[in-house]
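Text of run28.pdb, listed as PDB, C-alpha atoms and all ligand atoms:
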```pdb
ATOM      1  CA  MET A 400     -21.537 -11.743   0.496  1.00  0.00           C
ATOM      2  CA  ASN A 401     -21.610  -7.950   0.203  1.00  0.00           C
ATOM      3  CA  THR A 402     -19.820  -5.949  -2.470  1.00  0.00           C
ATOM      4  CA  TRP A 403     -16.857  -5.073  -0.224  1.00  0.00           C
ATOM      5  CA  GLU A 404     -16.217  -8.686   0.691  1.00  0.00           C
ATOM      6  CA  ARG A 405     -16.536  -9.734  -2.932  1.00  0.00           C
ATOM      7  CA  LEU A 406     -14.041  -7.096  -4.102  1.00  0.00           C
ATOM      8  CA  ASN A 407     -11.557  -8.019  -1.375  1.00  0.00           C
ATOM      9  CA  ARG A 408     -11.939 -11.719  -2.128  1.00  0.00           C
ATOM     10  CA  ILE A 409     -11.178 -11.152  -5.826  1.00  0.00           C
ATOM     11  CA  MET A 410      -8.313  -8.815  -4.907  1.00  0.00           C
ATOM     12  CA  LEU A 411      -6.719 -11.473  -2.700  1.00  0.00           C
ATOM     13  CA  ASP A 412      -6.949 -13.980  -5.548  1.00  0.00           C
ATOM     14  CA  HIS A 413      -4.085 -12.006  -7.074  1.00  0.00           C
ATOM     15  CA  ALA A 414      -0.801 -13.728  -6.288  1.00  0.00           C
ATOM     16  CA  PHE A 415       1.129 -10.488  -5.777  1.00  0.00           C
ATOM     17  CA  LEU A 416      -0.784  -9.804  -2.542  1.00  0.00           C
ATOM     18  CA  THR A 417      -0.049 -13.238  -1.085  1.00  0.00           C
ATOM     19  CA  THR A 418       2.903 -15.462  -0.229  1.00  0.00           C
ATOM     20  CA  GLU A 419       2.837 -16.309  -3.949  1.00  0.00           C
ATOM     21  CA  ASN A 420       4.074 -12.806  -4.758  1.00  0.00           C
ATOM     22  CA  PRO A 421       6.605 -13.167  -7.613  1.00  0.00           C
ATOM     23  CA  VAL A 422       9.353 -11.321  -5.699  1.00  0.00           C
ATOM     24  CA  LEU A 423       8.914 -13.623  -2.675  1.00  0.00           C
ATOM     25  CA  LYS A 424       9.104 -16.598  -5.014  1.00  0.00           C
ATOM     26  CA  ASN A 425      12.384 -15.255  -6.371  1.00  0.00           C
ATOM     27  CA  PHE A 426      13.909 -15.487  -2.896  1.00  0.00           C
ATOM     28  CA  LEU A 427      12.867 -19.126  -2.690  1.00  0.00           C
ATOM     29  CA  PHE A 428      13.375 -20.404  -6.199  1.00  0.00           C
ATOM     30  CA  SER A 429      15.675 -17.930  -7.863  1.00  0.00           C
ATOM     31  CA  ASP A 430      18.822 -16.077  -6.857  1.00  0.00           C
ATOM     32  CA  PHE A 431      17.315 -13.089  -5.052  1.00  0.00           C
ATOM     33  CA  GLY A 432      19.436 -11.951  -2.105  1.00  0.00           C
ATOM     34  CA  LYS A 433      19.780  -8.852   0.026  1.00  0.00           C
ATOM     35  CA  LYS A 434      20.815  -6.591  -2.861  1.00  0.00           C
ATOM     36  CA  GLU A 435      17.757  -7.443  -4.948  1.00  0.00           C
ATOM     37  CA  GLY A 436      15.507  -7.284  -1.892  1.00  0.00           C
ATOM     38  CA  VAL A 437      16.730  -3.817  -0.941  1.00  0.00           C
ATOM     39  CA  TRP A 438      16.140  -2.654  -4.484  1.00  0.00           C
ATOM     40  CA  VAL A 439      12.527  -3.906  -4.387  1.00  0.00           C
ATOM     41  CA  ILE A 440      11.976  -2.211  -1.004  1.00  0.00           C
ATOM     42  CA  GLN A 441      13.267   1.036  -2.495  1.00  0.00           C
ATOM     43  CA  GLN A 442      10.891   0.731  -5.434  1.00  0.00           C
ATOM     44  CA  TYR A 443       7.980  -0.061  -3.112  1.00  0.00           C
ATOM     45  CA  PHE A 444       8.919   2.953  -1.004  1.00  0.00           C
ATOM     46  CA  SER A 445       7.961   5.207  -3.911  1.00  0.00           C
ATOM     47  CA  LEU A 446       4.333   4.276  -3.208  1.00  0.00           C
ATOM     48  CA  VAL A 447       4.761   5.111   0.484  1.00  0.00           C
ATOM     49  CA  ARG A 448       6.055   8.481  -0.702  1.00  0.00           C
ATOM     50  CA  MET A 449       3.312   9.062  -3.239  1.00  0.00           C
ATOM     51  CA  ILE A 450       0.265   7.940  -1.269  1.00  0.00           C
ATOM     52  CA  VAL A 451      -0.380  11.430   0.085  1.00  0.00           C
ATOM     53  CA  ASP A 452      -0.422  12.736  -3.492  1.00  0.00           C
ATOM     54  CA  TYR A 453      -2.893  10.083  -4.596  1.00  0.00           C
ATOM     55  CA  LEU A 454      -5.140  10.808  -1.630  1.00  0.00           C
ATOM     56  CA  GLY A 455      -4.913  14.498  -2.531  1.00  0.00           C
ATOM     57  CA  LEU A 456      -5.869  13.828  -6.156  1.00  0.00           C
ATOM     58  CA  ALA A 457      -8.864  11.772  -5.011  1.00  0.00           C
ATOM     59  CA  LEU A 458      -9.791  14.589  -2.638  1.00  0.00           C
ATOM     60  CA  ARG A 459      -9.767  17.008  -5.550  1.00  0.00           C
ATOM     61  CA  SER A 460     -11.950  14.981  -7.847  1.00  0.00           C
ATOM     62  CA  ILE A 461     -14.609  13.479  -5.561  1.00  0.00           C
ATOM     63  CA  PRO A 462     -17.210  16.162  -4.852  1.00  0.00           C
ATOM     64  CA  TYR A 463     -18.706  14.565  -1.758  1.00  0.00           C
ATOM     65  CA  ASP A 464     -18.134  15.896   1.768  1.00  0.00           C
ATOM     66  CA  GLU A 465     -18.141  12.610   3.635  1.00  0.00           C
ATOM     67  CA  VAL A 466     -15.496  11.120   1.312  1.00  0.00           C
ATOM     68  CA  LYS A 467     -13.447  14.314   1.445  1.00  0.00           C
ATOM     69  CA  ARG A 468     -13.513  14.252   5.244  1.00  0.00           C
ATOM     70  CA  GLU A 469     -12.235  10.683   5.311  1.00  0.00           C
ATOM     71  CA  LEU A 470      -9.503  11.430   2.749  1.00  0.00           C
ATOM     72  CA  ARG A 471      -8.391  14.446   4.785  1.00  0.00           C
ATOM     73  CA  ARG A 472      -8.263  12.334   7.941  1.00  0.00           C
ATOM     74  CA  ASN A 473      -6.229   9.726   6.064  1.00  0.00           C
ATOM     75  CA  ILE A 474      -3.779  12.330   4.712  1.00  0.00           C
ATOM     76  CA  ALA A 475      -3.350  13.823   8.193  1.00  0.00           C
ATOM     77  CA  GLU A 476      -2.577  10.372   9.566  1.00  0.00           C
ATOM     78  CA  GLU A 477       0.060   9.818   6.866  1.00  0.00           C
ATOM     79  CA  GLN A 478       1.479  13.198   7.805  1.00  0.00           C
ATOM     80  CA  GLY A 479       1.837  12.246  11.447  1.00  0.00           C
ATOM     81  CA  SER A 480      -1.410  13.150  13.257  1.00  0.00           C
ATOM     82  CA  ARG A 481      -1.146   9.967  15.358  1.00  0.00           C
ATOM     83  CA  THR A 482       2.632   9.524  15.325  1.00  0.00           C
ATOM     84  CA  HIS A 483       3.767  12.622  17.202  1.00  0.00           C
ATOM     85  CA  GLY A 484       3.851  14.695  14.037  1.00  0.00           C
ATOM     86  CA  VAL A 485       6.262  12.370  12.247  1.00  0.00           C
ATOM     87  CA  PRO A 486       4.986  11.416   8.776  1.00  0.00           C
ATOM     88  CA  HIS A 487       4.746   7.662   8.137  1.00  0.00           C
ATOM     89  CA  ARG A 488       7.170   7.866   5.220  1.00  0.00           C
ATOM     90  CA  ASP A 489       9.819   9.494   7.437  1.00  0.00           C
ATOM     91  CA  LEU A 490       9.222   7.024  10.233  1.00  0.00           C
ATOM     92  CA  PHE A 491       9.500   4.076   7.861  1.00  0.00           C
ATOM     93  CA  ALA A 492      12.659   5.452   6.206  1.00  0.00           C
ATOM     94  CA  ARG A 493      14.279   6.072   9.584  1.00  0.00           C
ATOM     95  CA  LEU A 494      13.491   2.583  10.880  1.00  0.00           C
ATOM     96  CA  LEU A 495      14.764   0.973   7.664  1.00  0.00           C
ATOM     97  CA  LYS A 496      18.018   2.866   8.105  1.00  0.00           C
ATOM     98  CA  GLU A 497      18.384   2.232  11.845  1.00  0.00           C
ATOM     99  CA  GLU A 498      17.449  -1.419  11.898  1.00  0.00           C
ATOM    100  CA  MET A 499      18.622  -2.655   8.525  1.00  0.00           C
ATOM    101  CA  ARG A 500      20.886   0.038   7.125  1.00  0.00           C
ATOM    102  CA  ILE A 501      18.584   0.312   4.132  1.00  0.00           C
ATOM    103  CA  GLU A 502      18.327   3.687   2.403  1.00  0.00           C
ATOM    104  CA  ALA A 503      14.668   3.988   1.442  1.00  0.00           C
ATOM    105  CA  PHE A 504      15.032   6.726  -1.156  1.00  0.00           C
ATOM    106  CA  ALA A 505      16.282   5.713  -4.585  1.00  0.00           C
ATOM    107  CA  PRO A 506      15.524   6.593  -8.204  1.00  0.00           C
ATOM    108  CA  MET A 507      12.475   4.968  -9.737  1.00  0.00           C
ATOM    109  CA  SER A 508      13.016   2.049 -12.072  1.00  0.00           C
ATOM    110  CA  GLU A 509      11.312   1.984 -15.473  1.00  0.00           C
ATOM    111  CA  ALA A 510       8.398  -0.169 -14.207  1.00  0.00           C
ATOM    112  CA  THR A 511       7.966   2.004 -11.109  1.00  0.00           C
ATOM    113  CA  LEU A 512       7.924   5.141 -13.201  1.00  0.00           C
ATOM    114  CA  GLU A 513       5.334   3.642 -15.520  1.00  0.00           C
ATOM    115  CA  PHE A 514       3.210   2.572 -12.535  1.00  0.00           C
ATOM    116  CA  HIS A 515       3.119   6.094 -11.101  1.00  0.00           C
ATOM    117  CA  ILE A 516       2.618   7.859 -14.425  1.00  0.00           C
ATOM    118  CA  ASN A 517      -0.328   5.551 -15.123  1.00  0.00           C
ATOM    119  CA  LEU A 518      -1.827   6.196 -11.701  1.00  0.00           C
ATOM    120  CA  LEU A 519      -1.358   9.961 -11.961  1.00  0.00           C
ATOM    121  CA  ASN A 520      -3.027  10.007 -15.365  1.00  0.00           C
ATOM    122  CA  HIS A 521      -5.979   7.911 -14.258  1.00  0.00           C
ATOM    123  CA  PHE A 522      -6.500  10.011 -11.133  1.00  0.00           C
ATOM    124  CA  ARG A 523      -7.215  12.884 -13.498  1.00  0.00           C
ATOM    125  CA  CYS A 524      -9.918  11.027 -15.443  1.00  0.00           C
ATOM    126  CA  ASP A 525     -12.685  13.206 -13.989  1.00  0.00           C
ATOM    127  CA  ARG A 526     -15.011  10.346 -13.113  1.00  0.00           C
ATOM    128  CA  PRO A 527     -15.556  10.560  -9.319  1.00  0.00           C
ATOM    129  CA  GLY A 528     -16.931   7.015  -8.995  1.00  0.00           C
ATOM    130  CA  TYR A 529     -13.947   5.593 -10.875  1.00  0.00           C
ATOM    131  CA  THR A 530     -11.540   7.636  -8.738  1.00  0.00           C
ATOM    132  CA  ALA A 531     -13.246   6.377  -5.569  1.00  0.00           C
ATOM    133  CA  GLY A 532     -12.665   2.817  -6.793  1.00  0.00           C
ATOM    134  CA  MET A 533      -9.018   3.632  -7.468  1.00  0.00           C
ATOM    135  CA  ILE A 534      -8.294   5.072  -4.035  1.00  0.00           C
ATOM    136  CA  TYR A 535     -10.197   2.266  -2.336  1.00  0.00           C
ATOM    137  CA  ALA A 536      -8.016  -0.258  -4.194  1.00  0.00           C
ATOM    138  CA  LEU A 537      -4.860   1.444  -2.888  1.00  0.00           C
ATOM    139  CA  GLU A 538      -6.152   1.366   0.692  1.00  0.00           C
ATOM    140  CA  ALA A 539      -7.641  -2.149   0.601  1.00  0.00           C
ATOM    141  CA  SER A 540      -4.437  -3.613  -0.868  1.00  0.00           C
ATOM    142  CA  ALA A 541      -2.130  -1.797   1.578  1.00  0.00           C
ATOM    143  CA  ALA A 542      -2.306  -4.295   4.466  1.00  0.00           C
ATOM    144  CA  PRO A 543      -1.684  -7.470   2.426  1.00  0.00           C
ATOM    145  CA  GLU A 544       1.039  -5.612   0.535  1.00  0.00           C
ATOM    146  CA  PHE A 545       2.663  -4.632   3.848  1.00  0.00           C
ATOM    147  CA  LEU A 546       2.827  -8.297   4.782  1.00  0.00           C
ATOM    148  CA  VAL A 547       4.605  -9.070   1.509  1.00  0.00           C
ATOM    149  CA  VAL A 548       7.061  -6.255   2.221  1.00  0.00           C
ATOM    150  CA  ALA A 549       7.601  -7.580   5.769  1.00  0.00           C
ATOM    151  CA  ARG A 550       8.503 -10.965   4.306  1.00  0.00           C
ATOM    152  CA  ILE A 551      10.965  -9.315   1.916  1.00  0.00           C
ATOM    153  CA  LEU A 552      12.583  -7.538   4.899  1.00  0.00           C
ATOM    154  CA  ASN A 553      12.914 -10.884   6.667  1.00  0.00           C
ATOM    155  CA  TYR A 554      14.585 -12.437   3.619  1.00  0.00           C
ATOM    156  CA  CYS A 555      16.975  -9.487   3.363  1.00  0.00           C
ATOM    157  CA  ALA A 556      17.916  -9.684   7.050  1.00  0.00           C
ATOM    158  CA  LYS A 557      17.963 -13.501   7.068  1.00  0.00           C
ATOM    159  CA  ARG A 558      16.025 -13.321  10.350  1.00  0.00           C
ATOM    160  CA  GLU A 559      12.530 -12.425  11.501  1.00  0.00           C
ATOM    161  CA  VAL A 560      12.709  -8.647  11.663  1.00  0.00           C
ATOM    162  CA  VAL A 561       8.919  -8.825  11.574  1.00  0.00           C
ATOM    163  CA  HIS A 562       7.332 -11.869  13.230  1.00  0.00           C
ATOM    164  CA  ILE A 563       4.592 -12.754  10.797  1.00  0.00           C
ATOM    165  CA  ASP A 564       2.785 -15.427  12.820  1.00  0.00           C
ATOM    166  CA  GLY A 565      -0.010 -13.983  14.890  1.00  0.00           C
ATOM    167  CA  LEU A 566       0.773 -10.498  13.638  1.00  0.00           C
ATOM    168  CA  ARG A 567      -2.875  -9.570  13.246  1.00  0.00           C
ATOM    169  CA  GLU A 568      -3.540 -10.327  16.905  1.00  0.00           C
ATOM    170  CA  ARG A 569      -0.809  -8.072  18.213  1.00  0.00           C
ATOM    171  CA  GLN A 570      -1.450  -4.747  19.927  1.00  0.00           C
ATOM    172  CA  VAL A 571       0.926  -1.832  19.458  1.00  0.00           C
ATOM    173  CA  SER A 572       0.374   1.706  20.660  1.00  0.00           C
ATOM    174  CA  GLU A 573       3.824   3.159  20.021  1.00  0.00           C
ATOM    175  CA  ILE A 574       6.087   2.593  16.986  1.00  0.00           C
ATOM    176  CA  ARG A 575       9.608   1.752  18.141  1.00  0.00           C
ATOM    177  CA  CYS A 576      10.799  -0.684  15.481  1.00  0.00           C
ATOM    178  CA  LEU A 577      10.008  -1.965  11.991  1.00  0.00           C
ATOM    179  CA  GLU A 578       7.829  -4.703  13.422  1.00  0.00           C
ATOM    180  CA  ASP A 579       5.734  -2.128  15.293  1.00  0.00           C
ATOM    181  CA  PHE A 580       5.429  -0.101  12.118  1.00  0.00           C
ATOM    182  CA  VAL A 581       4.127  -3.078  10.134  1.00  0.00           C
ATOM    183  CA  VAL A 582       1.793  -4.258  12.927  1.00  0.00           C
ATOM    184  CA  MET A 583       0.381  -0.787  13.411  1.00  0.00           C
ATOM    185  CA  HIS A 584      -0.319  -0.514   9.685  1.00  0.00           C
ATOM    186  CA  VAL A 585      -1.830  -3.944   9.232  1.00  0.00           C
ATOM    187  CA  VAL A 586      -4.075  -3.946  12.312  1.00  0.00           C
ATOM    188  CA  ASP A 587      -4.805  -0.253  12.752  1.00  0.00           C
ATOM    189  CA  PHE A 588      -3.942   2.431  10.160  1.00  0.00           C
ATOM    190  CA  GLU A 589      -4.740   0.567   6.955  1.00  0.00           C
ATOM    191  CA  LYS A 590      -7.729  -1.214   8.456  1.00  0.00           C
ATOM    192  CA  GLY A 591      -9.036   2.194   9.466  1.00  0.00           C
ATOM    193  CA  HIS A 592      -8.426   3.703   6.025  1.00  0.00           C
ATOM    194  CA  GLU A 593     -10.216   0.818   4.355  1.00  0.00           C
ATOM    195  CA  ALA A 594     -13.168   0.884   6.772  1.00  0.00           C
ATOM    196  CA  GLY A 595     -13.394   4.682   6.687  1.00  0.00           C
ATOM    197  CA  LEU A 596     -13.533   4.709   2.905  1.00  0.00           C
ATOM    198  CA  ARG A 597     -16.121   1.918   2.803  1.00  0.00           C
ATOM    199  CA  LYS A 598     -18.379   3.926   5.070  1.00  0.00           C
ATOM    200  CA  ALA A 599     -17.948   7.215   3.230  1.00  0.00           C
ATOM    201  CA  VAL A 600     -18.191   5.663  -0.254  1.00  0.00           C
ATOM    202  CA  THR A 601     -21.377   3.807   0.716  1.00  0.00           C
ATOM    203  CA  LYS A 602     -22.981   7.175   1.435  1.00  0.00           C
ATOM    204  CA  PHE A 603     -21.494   8.712  -1.703  1.00  0.00           C
ATOM    205  CA  ASN A 604     -23.074   5.810  -3.602  1.00  0.00           C
ATOM    206  CA  PRO A 605     -21.111   5.964  -6.900  1.00  0.00           C
ATOM    207  CA  ASP A 606     -22.149   4.064  -9.989  1.00  0.00           C
ATOM    208  CA  PRO A 607     -21.006   0.517  -9.097  1.00  0.00           C
ATOM    209  CA  GLU A 608     -19.695  -0.130 -12.586  1.00  0.00           C
ATOM    210  CA  ASN A 609     -17.432   2.923 -12.496  1.00  0.00           C
ATOM    211  CA  PHE A 610     -16.290   2.150  -8.961  1.00  0.00           C
ATOM    212  CA  GLU A 611     -15.349  -1.435  -9.755  1.00  0.00           C
ATOM    213  CA  GLU A 612     -13.687  -0.436 -12.996  1.00  0.00           C
ATOM    214  CA  GLY A 613     -11.411   1.970 -11.099  1.00  0.00           C
ATOM    215  CA  PHE A 614     -10.792  -0.590  -8.375  1.00  0.00           C
ATOM    216  CA  PHE A 615      -9.744  -3.387 -10.720  1.00  0.00           C
ATOM    217  CA  TRP A 616      -7.735  -1.096 -12.941  1.00  0.00           C
ATOM    218  CA  VAL A 617      -5.502  -0.215  -9.964  1.00  0.00           C
ATOM    219  CA  ILE A 618      -5.209  -3.856  -8.850  1.00  0.00           C
ATOM    220  CA  LYS A 619      -4.113  -4.828 -12.375  1.00  0.00           C
ATOM    221  CA  CYS A 620      -1.642  -1.956 -12.427  1.00  0.00           C
ATOM    222  CA  MET A 621      -0.152  -3.104  -9.127  1.00  0.00           C
ATOM    223  CA  GLU A 622       0.006  -6.676 -10.344  1.00  0.00           C
ATOM    224  CA  ARG A 623       1.921  -5.600 -13.436  1.00  0.00           C
ATOM    225  CA  TRP A 624       4.277  -3.538 -11.275  1.00  0.00           C
ATOM    226  CA  TRP A 625       5.105  -6.401  -8.884  1.00  0.00           C
ATOM    227  CA  ASN A 626       5.602  -8.785 -11.776  1.00  0.00           C
ATOM    228  CA  ALA A 627       8.008  -6.316 -13.335  1.00  0.00           C
ATOM    229  CA  LEU A 628       9.849  -5.848 -10.028  1.00  0.00           C
ATOM    230  CA  SER A 629      10.483  -9.577  -9.952  1.00  0.00           C
ATOM    231  CA  LEU A 630      12.080  -9.392 -13.400  1.00  0.00           C
ATOM    232  CA  GLU A 631      13.727  -5.985 -13.668  1.00  0.00           C
ATOM    233  CA  GLU A 632      16.884  -6.344 -11.591  1.00  0.00           C
TER     234      GLU A 632
HETATM  235 FE    FE B 701       0.835   4.926   6.679  1.00  0.00          FE
HETATM  236 FE    FE B 702      -3.602   3.838   3.976  1.00  0.00          FE
END
```

Rewrite the structure from the file as structure tokens, please.
Ligand SMILES: [Fe+2]
Ligand SMILES: [Fe+2]
Amino acid sequence: MNTWERLNRIMLDHAFLTTENPVLKNFLFSDFGKKEGVWVIQQYFSLVRMIVDYLGLALRSIPYDEVKRELRRNIAEEQGSRTHGVPHRDLFARLLKEEMRIEAFAPMSEATLEFHINLLNHFRCDRPGYTAGMIYALEASAAPEFLVVARILNYCAKREVVHIDGLRERQVSEIRCLEDFVVMHVVDFEKGHEAGLRKAVTKFNPDPENFEEGFFWVIKCMERWWNALSLEE
């Protein structure tokens, strides 16, 4: 097993990136309904909003051309380079509104604020290898996290807004609905970000200890955030 597979395997051992996510469990075993679900989606949306900033901070602190090129490509994609100039955050917010009457923008909760303040601070740590591990963690976790969010949307709507079965095998070239948006991210955009970073980081060759430290620090941070989201409301 190579390093990438090992990191992803350990990452996916974390319940928050699986059907065991504490918020999903609340829908099944606690009294979570649409109101709570919408609130969690709004909190999650803060990360959709902030990802361009995190990519930009990584771009600033990793002095290696290949990685910078990949981060720039990733930022451009988030800003709409492959979606007719419409940034992903705007597209997602519009589809949430159109299909589910969910307003994506809302104030950050205490746990969400803490999550972002922590991330912002650590992105300024001035250790390029650590920062590379951090940004890789955000990209590698994005697809499984999208699937969790898709399940939350389904619970909120009480129907399959996003058909989860066989989702990874689907082909979408144009985003017309929430399902397309999720499919496109899980099978294309996020896969590409993860693979692109793997390739560029391999050439950059950071100290593995620093890289993994940054990677696991972000995963732990995200785990704490999701746990808090399941308890806060
Ligand atoms: Fe995106
Ligand atoms: Fe991404």

What do you get as a PyMOL selection string if you pick all residues at most 7 Å from ligand FE 701 (chain B), counting only C-alpha atoms and all ligand atoms? chain A and resi 477+487+584+588

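What separates CA of Gly613 (chain A) from CA of Gly532 (chain A) is a distance of 4.6 Å.
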
Kindly provide, as a PDB file with C-alpha atoms, keeping the file's coordinate frame, all nucleotide and amino acid residues lying within 7 Å of ligand FE 702 (chain B), counting only C-alpha atoms and all ligand atoms.
```pdb
ATOM      1  CA  ASN A 473      -6.229   9.726   6.064  1.00  0.00           C
ATOM      2  CA  GLU A 538      -6.152   1.366   0.692  1.00  0.00           C
ATOM      3  CA  ALA A 541      -2.130  -1.797   1.578  1.00  0.00           C
ATOM      4  CA  PHE A 588      -3.942   2.431  10.160  1.00  0.00           C
ATOM      5  CA  GLU A 589      -4.740   0.567   6.955  1.00  0.00           C
ATOM      6  CA  HIS A 592      -8.426   3.703   6.025  1.00  0.00           C
TER       7      HIS A 592
END
```

Would you give the centre and edge lengths, in Å to one decimal, of a box along x, y and z around the listed atoms of region 623-630 of chain A, with 8 Å added to each side, as AutoDock Vina command-line options?
```
--center_x 7.0 --center_y -6.6 --center_z -11.2 --size_x 26.2 --size_y 22.0 --size_z 20.6
```

Explicit residue set for the PyMOL selection byres (((chain A and resi 581) around 12) and not hetatm), as an mmCIF file with C-alpha atoms, keeping the file's coordinate frame:
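Saved as result-v6.cif:
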```
data_model
loop_
_atom_site.group_PDB
_atom_site.id
_atom_site.type_symbol
_atom_site.label_atom_id
_atom_site.label_comp_id
_atom_site.auth_asym_id
_atom_site.auth_seq_id
_atom_site.Cartn_x
_atom_site.Cartn_y
_atom_site.Cartn_z
ATOM 1 C CA HIS A 487 4.746 7.662 8.137
ATOM 2 C CA LEU A 490 9.222 7.024 10.233
ATOM 3 C CA PHE A 491 9.500 4.076 7.861
ATOM 4 C CA LEU A 494 13.491 2.583 10.880
ATOM 5 C CA LEU A 495 14.764 0.973 7.664
ATOM 6 C CA ALA A 541 -2.130 -1.797 1.578
ATOM 7 C CA ALA A 542 -2.306 -4.295 4.466
ATOM 8 C CA PRO A 543 -1.684 -7.470 2.426
ATOM 9 C CA GLU A 544 1.039 -5.612 0.535
ATOM 10 C CA PHE A 545 2.663 -4.632 3.848
ATOM 11 C CA LEU A 546 2.827 -8.297 4.782
ATOM 12 C CA VAL A 547 4.605 -9.070 1.509
ATOM 13 C CA VAL A 548 7.061 -6.255 2.221
ATOM 14 C CA ALA A 549 7.601 -7.580 5.769
ATOM 15 C CA ARG A 550 8.503 -10.965 4.306
ATOM 16 C CA LEU A 552 12.583 -7.538 4.899
ATOM 17 C CA VAL A 560 12.709 -8.647 11.663
ATOM 18 C CA VAL A 561 8.919 -8.825 11.574
ATOM 19 C CA HIS A 562 7.332 -11.869 13.230
ATOM 20 C CA ILE A 563 4.592 -12.754 10.797
ATOM 21 C CA LEU A 566 0.773 -10.498 13.638
ATOM 22 C CA ARG A 567 -2.875 -9.570 13.246
ATOM 23 C CA ARG A 569 -0.809 -8.072 18.213
ATOM 24 C CA GLN A 570 -1.450 -4.747 19.927
ATOM 25 C CA VAL A 571 0.926 -1.832 19.458
ATOM 26 C CA GLU A 573 3.824 3.159 20.021
ATOM 27 C CA ILE A 574 6.087 2.593 16.986
ATOM 28 C CA ARG A 575 9.608 1.752 18.141
ATOM 29 C CA CYS A 576 10.799 -0.684 15.481
ATOM 30 C CA LEU A 577 10.008 -1.965 11.991
ATOM 31 C CA GLU A 578 7.829 -4.703 13.422
ATOM 32 C CA ASP A 579 5.734 -2.128 15.293
ATOM 33 C CA PHE A 580 5.429 -0.101 12.118
ATOM 34 C CA VAL A 582 1.793 -4.258 12.927
ATOM 35 C CA MET A 583 0.381 -0.787 13.411
ATOM 36 C CA HIS A 584 -0.319 -0.514 9.685
ATOM 37 C CA VAL A 585 -1.830 -3.944 9.232
ATOM 38 C CA VAL A 586 -4.075 -3.946 12.312
ATOM 39 C CA ASP A 587 -4.805 -0.253 12.752
ATOM 40 C CA PHE A 588 -3.942 2.431 10.160
ATOM 41 C CA GLU A 589 -4.740 0.567 6.955
#
```

Separation of CA of Val422 (chain A) from CA of Arg558 (chain A) in Å: 17.5 Å

Would you translate the PyMOL selection byres (((chain A and resi 618-629) around 7) and not hetatm) into the concrete set of residues it matches in this file, as a PyMOL selection string? chain A and resi 415+421-422+425+439+510-511+514+536+614-617+630-631

If you apply the PyMOL selection byres (((chain A and resi 445-453) around 10) and not hetatm) to this file, what residues do you get, as number ranges by chain? A: 440-444, 454-459, 470-471, 473-478, 486-489, 491-492, 503-507, 511-512, 514-515, 518-519, 522, 530, 533-534, 537-538, 541

Select, from A:Asn420, A:Asn407, A:Asn553, A:Asn517, the residue with the minimum atom-to-atom distance to Glu611 (chain A), counting only C-alpha atoms.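 Looking at the shortest contact to Glu611 (chain A), the residue is A:Asn407.
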
CA of Met410 (chain A) to CA of Glu612 (chain A), distance in Å rounded to a single decimal: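 Going from CA of Met410 (chain A) over to CA of Glu612 (chain A) covers 12.8 Å.
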
Counting only C-alpha atoms, what is within 7 Å of Leu596 (chain A), bar same-chain residues fewer than 5 positions away, as a PyMOL selection string? chain A and resi 466+469+535

Give me the residues within 6 Å of Asn609 (chain A) as a VMD selection string, counting all atoms listed in the file and dropping any in the same chain fewer than 3 places off. chain A and resid 528 to 529 606 612

In terms of the shortest atom-to-atom distance over only C-alpha atoms, which of A:Ser572, A:Ala594, A:Glu513, A:Pro605 is closest to Trp403 (chain A)?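 For Trp403 (chain A), the nearest of the given residues is A:Ala594.
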
Compare A:Cys524, A:Gly591, A:Lys602, A:Lys467 by their minimum atom-to-atom distance to Ala539 (chain A), counting all atoms listed in the file, and give me the closest one.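 Residue with the minimum atom-to-atom distance to Ala539 (chain A): A:Gly591.
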
So, counting only C-alpha atoms, which residue among A:Ala556, A:Val485, A:Ile409, A:Ile461 is closest to Ile501 (chain A)? A:Ala556
